[in-house]
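With mmCIF, C-alpha atoms inside, this is structure.cif:
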data_data
#
loop_
_atom_site.label_atom_id
_atom_site.label_comp_id
_atom_site.auth_asym_id
_atom_site.auth_seq_id
_atom_site.Cartn_x
_atom_site.Cartn_y
_atom_site.Cartn_z
CA MET V 238 0.00 0.00 0.00
CA GLN V 239 1.11 3.51 -0.74
CA LEU V 240 -1.34 5.38 1.41
CA GLU V 241 0.05 8.79 0.44
CA TYR V 242 -0.77 8.07 -3.21
CA PHE V 243 -4.04 6.32 -2.40
CA GLN V 244 -2.69 3.18 -4.03
CA LEU V 245 -4.14 0.56 -1.76
CA ILE V 246 -3.79 -2.61 -3.81
CA ASP V 247 -0.37 -4.28 -4.05
CA ARG V 248 -0.98 -7.23 -6.31
CA ILE V 249 -3.69 -9.08 -8.17
CA LEU V 250 -3.69 -12.76 -7.29
CA ASP V 251 -6.50 -13.82 -9.58
CA LEU V 252 -8.92 -12.22 -12.01
CA ASP V 253 -11.56 -14.46 -13.58
CA THR V 254 -13.58 -12.65 -16.25
CA GLU V 255 -15.95 -15.58 -16.73
CA ALA V 256 -16.82 -15.88 -13.07
CA LYS V 257 -16.46 -12.09 -12.76
CA THR V 258 -14.36 -12.35 -9.64
CA ILE V 259 -11.06 -10.96 -8.44
CA LYS V 260 -8.71 -11.60 -5.55
CA VAL V 261 -5.97 -9.18 -4.51
CA GLU V 262 -3.52 -8.57 -1.70
CA ALA V 263 -2.80 -5.38 0.14
CA GLN V 264 -0.12 -4.97 2.76
CA VAL V 265 -1.01 -2.45 5.43
CA PRO V 266 2.16 -0.48 6.22
CA THR V 267 3.64 -0.75 9.66
CA ALA V 268 4.00 2.99 9.92
CA SER V 269 2.11 5.96 8.49
CA THR V 270 1.19 9.43 9.66
CA ILE V 271 -2.41 8.22 9.44
CA PHE V 272 -1.78 5.87 12.34
CA GLU V 273 -0.33 8.69 14.41
CA GLY V 274 -3.75 10.29 14.49
CA HIS V 275 -5.94 7.23 14.12
CA PHE V 276 -5.36 6.61 16.99
CA PRO V 277 -2.52 7.69 19.29
CA GLY V 278 -1.48 4.59 21.22
CA TYR V 279 -3.98 2.41 19.35
CA PRO V 280 -3.29 2.55 15.60
CA LEU V 281 -6.09 1.29 13.35
CA MET V 282 -6.58 1.26 9.59
CA PRO V 283 -9.46 3.74 9.08
CA GLY V 284 -12.72 2.24 7.91
CA VAL V 285 -12.93 4.68 5.01
CA LEU V 286 -9.61 3.36 3.71
CA LEU V 287 -10.85 -0.21 4.04
CA ILE V 288 -13.89 0.81 1.99
CA GLU V 289 -11.55 2.44 -0.53
CA SER V 290 -9.46 -0.72 -0.72
CA MET V 291 -12.61 -2.71 -1.49
CA ALA V 292 -13.67 -0.10 -4.07
CA GLN V 293 -10.26 -0.24 -5.76
CA THR V 294 -10.46 -4.04 -5.86
CA CYS V 295 -13.88 -3.88 -7.49
CA GLY V 296 -12.59 -1.19 -9.83
CA TRP V 297 -9.80 -3.44 -11.11
CA LEU V 298 -12.34 -6.19 -11.67
CA LEU V 299 -14.58 -3.89 -13.70
CA LEU V 300 -11.61 -2.53 -15.66
CA GLY V 301 -10.79 -6.11 -16.62
CA LEU V 302 -14.36 -6.92 -17.59
CA MET V 303 -14.51 -3.76 -19.72
CA LYS V 304 -11.04 -4.41 -21.15
CA PHE V 305 -9.80 -0.98 -20.10
CA GLU V 306 -12.21 0.71 -22.50
CA ARG V 307 -14.10 2.44 -19.72
CA MET V 308 -13.21 3.78 -16.30
CA PRO V 309 -15.35 2.91 -13.27
CA PHE V 310 -15.98 5.63 -10.71
CA LEU V 311 -17.30 5.10 -7.20
CA ALA V 312 -20.98 6.04 -7.17
CA ALA V 313 -22.39 4.63 -3.94
CA VAL V 314 -21.39 2.51 -0.99
CA LYS V 315 -24.60 0.61 -0.51
CA GLU V 316 -23.63 -1.12 2.67
CA ALA V 317 -20.36 -1.48 4.48
CA LYS V 318 -19.74 -3.44 7.64
CA MET V 319 -16.57 -3.07 9.69
CA ARG V 320 -16.49 -6.40 11.49
CA GLY V 321 -13.08 -6.24 13.09
CA PHE V 322 -10.08 -3.97 13.47
CA VAL V 323 -7.28 -3.88 10.92
CA THR V 324 -3.94 -2.88 12.38
CA PRO V 325 -0.57 -1.77 10.94
CA GLY V 326 1.43 -4.52 9.26
CA GLU V 327 -1.47 -6.84 8.50
CA LEU V 328 -1.80 -8.47 5.10
CA LEU V 329 -5.25 -8.03 3.59
CA THR V 330 -6.75 -10.44 1.10
CA ILE V 331 -9.62 -8.81 -0.73
CA ASP V 332 -11.98 -10.62 -3.03
CA ALA V 333 -14.84 -9.19 -5.03
CA ASN V 334 -17.54 -10.17 -7.46
CA VAL V 335 -20.01 -8.48 -9.75
CA LEU V 336 -23.58 -8.57 -8.54
CA HIS V 337 -25.12 -6.80 -11.53
CA GLU V 338 -23.94 -5.20 -14.75
CA GLY V 339 -26.27 -2.44 -15.84
CA SER V 340 -26.10 0.10 -18.62
CA GLY V 341 -23.34 2.49 -17.55
CA TYR V 342 -23.20 1.18 -14.02
CA ALA V 343 -22.35 -1.94 -12.04
CA ILE V 344 -23.01 -3.28 -8.55
CA THR V 345 -20.23 -5.20 -6.84
CA GLU V 346 -19.56 -6.93 -3.56
CA ALA V 347 -16.22 -7.12 -1.76
CA ARG V 348 -14.78 -8.71 1.33
CA VAL V 349 -11.57 -8.01 3.25
CA LYS V 350 -10.00 -10.90 5.11
CA VAL V 351 -6.95 -11.20 7.32
CA GLY V 352 -5.65 -14.71 7.87
CA GLY V 353 -8.85 -16.06 6.35
CA LYS V 354 -11.08 -14.19 8.77
CA LEU V 355 -13.56 -11.64 7.51
CA ARG V 356 -12.83 -8.12 8.74
CA CYS V 357 -15.18 -6.09 6.59
CA ASN V 358 -17.42 -6.27 3.55
CA ALA V 359 -19.38 -3.90 1.35
CA THR V 360 -21.74 -3.63 -1.57
CA ILE V 361 -20.49 -0.91 -3.89
CA MET V 362 -22.00 0.75 -6.94
CA PHE V 363 -19.97 2.24 -9.78
CA SER V 364 -20.86 4.31 -12.76
CA HIS V 365 -18.52 3.88 -15.71
CA VAL V 366 -17.67 6.03 -18.69
CA PRO V 367 -15.10 6.04 -21.49
CA PHE V 368 -11.74 7.18 -20.12
CA PRO V 369 -12.09 10.94 -19.67
CA SER V 370 -8.42 11.63 -20.43
CA PRO V 371 -5.47 9.86 -22.07
CA ASP V 372 -3.34 10.71 -19.04
CA MET V 373 -5.71 8.84 -16.77
CA ARG V 374 -5.68 5.85 -19.12
CA GLY V 375 -1.87 5.92 -19.13
CA HIS V 376 -1.78 6.11 -15.36
CA MET V 377 -4.12 3.16 -15.02
CA ASP V 378 -2.05 1.15 -17.51
CA ALA V 379 1.08 1.82 -15.45
CA MET V 380 -0.74 0.91 -12.24
CA ALA V 381 -2.01 -2.28 -13.84
CA LYS V 382 1.54 -3.36 -14.68
CA ARG V 383 2.71 -2.51 -11.17
CA ILE V 384 0.13 -4.73 -9.48
CA GLY V 385 0.36 -7.60 -11.95
CA PHE V 386 -2.86 -7.10 -13.85
CA PRO V 387 -3.17 -10.22 -16.06
CA GLN V 388 -2.70 -8.88 -19.57
CA GLN V 389 -4.28 -11.96 -21.16
CA VAL V 390 -7.61 -10.67 -19.89
CA LEU V 391 -7.35 -7.88 -22.44
CA LEU V 392 -6.89 -10.17 -25.41
CA PRO V 393 -9.89 -10.40 -27.77
CA MET Z 10 -49.06 -1.99 -18.35
CA SER Z 11 -50.86 -1.46 -15.05
CA SER Z 12 -48.96 -4.33 -13.50
CA THR Z 13 -45.70 -2.92 -14.74
CA PHE Z 14 -46.62 0.51 -13.43
CA ASP Z 15 -47.53 -0.86 -10.02
CA GLN Z 16 -44.19 -2.63 -9.75
CA VAL Z 17 -42.22 0.40 -10.94
CA ALA Z 18 -44.12 2.77 -8.67
CA THR Z 19 -43.47 0.51 -5.70
CA ILE Z 20 -39.79 0.32 -6.59
CA ILE Z 21 -39.57 4.11 -6.81
CA ALA Z 22 -41.47 4.61 -3.56
CA GLU Z 23 -39.27 2.17 -1.67
CA THR Z 24 -35.97 3.19 -3.28
CA CYS Z 25 -36.42 6.94 -3.02
CA ASP Z 26 -38.71 7.16 -0.01
CA ILE Z 27 -41.42 8.88 -2.04
CA PRO Z 28 -45.06 8.43 -0.91
CA ARG Z 29 -46.58 5.80 -3.18
CA ASP Z 30 -49.80 7.75 -3.67
CA THR Z 31 -47.94 10.70 -5.20
CA ILE Z 32 -46.57 8.53 -8.02
CA THR Z 33 -48.81 8.40 -11.07
CA PRO Z 34 -48.40 7.15 -14.65
CA ASP Z 35 -47.99 10.78 -15.74
CA SER Z 36 -45.28 11.54 -13.18
CA HIS Z 37 -41.95 12.58 -14.66
CA ALA Z 38 -39.28 10.79 -12.64
CA ILE Z 39 -36.92 13.75 -12.74
CA ASP Z 40 -39.13 16.82 -13.01
CA ASP Z 41 -42.06 15.73 -10.84
CA LEU Z 42 -40.55 13.21 -8.43
CA GLY Z 43 -37.15 14.88 -8.11
CA ILE Z 44 -35.18 11.71 -8.70
CA ASP Z 45 -31.55 12.46 -9.52
CA SER Z 46 -29.24 10.42 -11.71
CA LEU Z 47 -27.67 8.50 -8.82
CA ASP Z 48 -31.01 7.55 -7.33
CA PHE Z 49 -32.17 6.55 -10.78
CA LEU Z 50 -29.32 4.03 -10.93
CA ASP Z 51 -30.79 2.39 -7.83
CA ILE Z 52 -34.17 2.32 -9.53
CA ALA Z 53 -32.64 0.92 -12.73
CA PHE Z 54 -30.94 -1.81 -10.69
CA ALA Z 55 -34.22 -2.74 -9.02
CA ILE Z 56 -36.08 -2.70 -12.35
CA ASP Z 57 -33.36 -4.76 -14.06
CA LYS Z 58 -33.64 -7.34 -11.29
CA ALA Z 59 -37.43 -7.35 -11.07
CA PHE Z 60 -38.02 -7.70 -14.82
CA GLY Z 61 -34.88 -9.59 -15.85
CA ILE Z 62 -33.87 -6.90 -18.33
CA LYS Z 63 -31.18 -4.28 -18.76
CA LEU Z 64 -32.55 -0.77 -19.10
CA PRO Z 65 -30.47 0.91 -21.84
CA LEU Z 66 -29.83 4.03 -19.78
CA GLU Z 67 -26.73 5.07 -21.68
CA LYS Z 68 -28.50 4.86 -25.02
CA TRP Z 69 -31.46 6.84 -23.72
CA THR Z 70 -29.21 9.48 -22.18
CA GLN Z 71 -27.26 9.79 -25.40
CA GLU Z 72 -30.45 10.19 -27.42
CA VAL Z 73 -31.66 12.92 -25.07
CA ASN Z 74 -28.28 14.68 -25.14
CA ASP Z 75 -28.22 14.50 -28.95
CA GLY Z 76 -31.72 15.95 -29.18
CA LYS Z 77 -33.06 12.77 -30.76
CA ALA Z 78 -35.45 12.11 -27.88
CA THR Z 79 -37.01 13.99 -25.01
CA THR Z 80 -36.73 13.06 -21.35
CA GLU Z 81 -40.52 12.59 -21.39
CA GLN Z 82 -40.16 9.64 -23.74
CA TYR Z 83 -38.17 7.69 -21.19
CA PHE Z 84 -38.78 9.23 -17.79
CA VAL Z 85 -42.53 9.83 -17.68
CA LEU Z 86 -43.55 6.67 -15.90
CA LYS Z 87 -46.18 5.44 -18.34
CA ASN Z 88 -43.58 5.75 -21.10
CA LEU Z 89 -40.89 4.13 -18.98
CA CYS Z 90 -43.27 1.24 -18.29
CA ALA Z 91 -44.01 0.89 -22.01
CA ARG Z 92 -40.25 0.67 -22.67
CA ILE Z 93 -39.95 -1.95 -19.93
CA ASP Z 94 -42.79 -3.96 -21.48
CA GLU Z 95 -41.03 -3.77 -24.86
CA LEU Z 96 -37.76 -4.97 -23.36
CA VAL Z 97 -39.50 -7.83 -21.57
CA ALA Z 98 -41.32 -8.80 -24.77
CA ALA Z 99 -38.08 -8.67 -26.78
CA LYS Z 100 -36.36 -10.82 -24.20
CA THR Z 101 -39.21 -13.33 -24.19
CA ALA Z 102 -39.20 -13.47 -27.99
CA GLY Z 103 -35.45 -13.99 -28.04
CA SER Z 104 -35.37 -16.76 -25.47
#
Starting from the coordinates I provided, produce the structure as structure tokens.
Amino acid sequence: MQLEYFQLIDRILDLDTEAKTIKVEAQVPTASTIFEGHFPGYPLMPGVLLIESMAQTCGWLLLGLMKFERMPFLAAVKEAKMRGFVTPGELLTIDANVLHEGSGYAITEARVKVGGKLRCNATIMFSHVPFPSPDMRGHMDAMAKRIGFPQQVLLP
Amino acid sequence: MSSTFDQVATIIAETCDIPRDTITPDSHAIDDLGIDSLDFLDIAFAIDKAFGIKLPLEKWTQEVNDGKATTEQYFVLKNLCARIDELVAAKTAGS
């Protein structure tokens, strides 16, 4: 995780476009200024960042399903449950699936686990549009390479 | 048509917390009921699920933006229900 750049996903472990599922890993850093304030003496990964990590996971799944022709944007967090604390240094495994693909939008579900135990889950809605700028597309391509996005998914 | 309208009106009432008795076939989802684009996605999701279809929202929006259609054609509820019935019929015919 590079919290300062809002890059929360470290690597894609699996992306299945037929099953419409994804599994990723995200290593919570051992130290960050975020933990100095949240909370002094009792550092916790903020719930909003856990939601963002689930949203980014779902976003990579949708990017794969749309073959990088459209960019998903967070539209609504339908339900999010923080079931247990996430602390510095923990390795998150996040899996997600598509619940519904609509016209210009999609509904997804995601779960964050640590050591196989569920820590939080959410249902998240995205709207998606053609990439609004070439720079953004280039950035996402570079990010995809960095986290091991399976390029074969993009083949026709 | 009436059955479709009843289902759609119930979806709108429950999704957007709008009193059911204020929703009529002549209600315009945006102008009369004040439903915004994000809330309409929730409605579209519920309609897609309830009727087993995929409302072509992007196509409709593009047609409106291009001046090829009016919002009334798609977002006045009796017209929306007619579109839903067409989509259901097309799906039935294709299956």
If we count all atoms listed in the file and set the cut-off at 8 Å, which residues sit around range 19-36 of chain Z, ignoring sequence neighbours fewer than 5 positions away in its own chain? Please answer as a list in words.
Phe14, Asp41, Leu42, Ile44, Asp48, Asp51, Ile52, Ala55, Ile56, Val85, Leu86 and Lys87 of chain Z
Tell me as a ChimeraX atom specification which residues belonging to chain V come within 9 Å of chain Z, counting all atoms listed in the file.
/V:312-313,337-344,362,364
Those residues with C-alpha atoms, as a PDB file, in the frame of the given file please?
ATOM      1  CA  ALA V 312     -20.980   6.040  -7.170  1.00  0.00           C
ATOM      2  CA  ALA V 313     -22.390   4.630  -3.940  1.00  0.00           C
ATOM      3  CA  HIS V 337     -25.120  -6.800 -11.530  1.00  0.00           C
ATOM      4  CA  GLU V 338     -23.940  -5.200 -14.750  1.00  0.00           C
ATOM      5  CA  GLY V 339     -26.270  -2.440 -15.840  1.00  0.00           C
ATOM      6  CA  SER V 340     -26.100   0.100 -18.620  1.00  0.00           C
ATOM      7  CA  GLY V 341     -23.340   2.490 -17.550  1.00  0.00           C
ATOM      8  CA  TYR V 342     -23.200   1.180 -14.020  1.00  0.00           C
ATOM      9  CA  ALA V 343     -22.350  -1.940 -12.040  1.00  0.00           C
ATOM     10  CA  ILE V 344     -23.010  -3.280  -8.550  1.00  0.00           C
ATOM     11  CA  MET V 362     -22.000   0.750  -6.940  1.00  0.00           C
ATOM     12  CA  SER V 364     -20.860   4.310 -12.760  1.00  0.00           C
TER      13      SER V 364
END
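You will find CA of Leu392 in chain V at 16.0 Å from CA of Lys257 in chain V.
Counting from CA of Asp332 in chain V, the distance to CA of Val366 in chain V is 23.6 Å.
What separates CA of Arg348 in chain V from CA of Thr330 in chain V is a distance of 8.2 Å.
Using the PyMOL selection byres ((chain Z and resi 96-104) around 9) on this structure selects Phe60, Gly61, Ile62, Lys63, Leu64, Ala91, Arg92, Ile93, Asp94 and Glu95 of chain Z.
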Can you give me, as a list in words, the residues this file yields under the PyMOL selection byres ((chain V and resi 269) around 12)?
Met238, Gln239, Leu240, Glu241, Val265, Pro266, Thr267, Ala268, Thr270, Ile271, Phe272, Glu273, Gly274, His275, Phe276, Pro277, Pro280, Leu281, Met282, Pro283, Thr324, Pro325 and Gly326 of chain V
Exercise: range 69-71 of chain Z partners within 12 Å, only C-alpha atoms, chain neighbours under 4 positions left out, as a list in words:
Ser340 and Gly341 of chain V; Ser46, Leu64, Pro65, Asp75, Gly76, Lys77, Ala78, Thr79, Thr80, Glu81, Gln82, Tyr83, Phe84, Leu89 and Arg92 of chain Z
Take the residues just selected and output them with C-alpha atoms as an mmCIF file, keeping the file's coordinate frame.
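part.cif written:
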data_model
loop_
_atom_site.group_PDB
_atom_site.id
_atom_site.type_symbol
_atom_site.label_atom_id
_atom_site.label_comp_id
_atom_site.auth_asym_id
_atom_site.auth_seq_id
_atom_site.Cartn_x
_atom_site.Cartn_y
_atom_site.Cartn_z
ATOM 1 C CA SER V 340 -26.100 0.100 -18.620
ATOM 2 C CA GLY V 341 -23.340 2.490 -17.550
ATOM 3 C CA SER Z 46 -29.240 10.420 -11.710
ATOM 4 C CA LEU Z 64 -32.550 -0.770 -19.100
ATOM 5 C CA PRO Z 65 -30.470 0.910 -21.840
ATOM 6 C CA ASP Z 75 -28.220 14.500 -28.950
ATOM 7 C CA GLY Z 76 -31.720 15.950 -29.180
ATOM 8 C CA LYS Z 77 -33.060 12.770 -30.760
ATOM 9 C CA ALA Z 78 -35.450 12.110 -27.880
ATOM 10 C CA THR Z 79 -37.010 13.990 -25.010
ATOM 11 C CA THR Z 80 -36.730 13.060 -21.350
ATOM 12 C CA GLU Z 81 -40.520 12.590 -21.390
ATOM 13 C CA GLN Z 82 -40.160 9.640 -23.740
ATOM 14 C CA TYR Z 83 -38.170 7.690 -21.190
ATOM 15 C CA PHE Z 84 -38.780 9.230 -17.790
ATOM 16 C CA LEU Z 89 -40.890 4.130 -18.980
ATOM 17 C CA ARG Z 92 -40.250 0.670 -22.670
#
Write out as a ChimeraX atom specification the residues lying within 10 Å of Glu255 in chain V, counting all atoms listed in the file and excluding same-chain residues fewer than 3 positions away.
/V:252,258,302
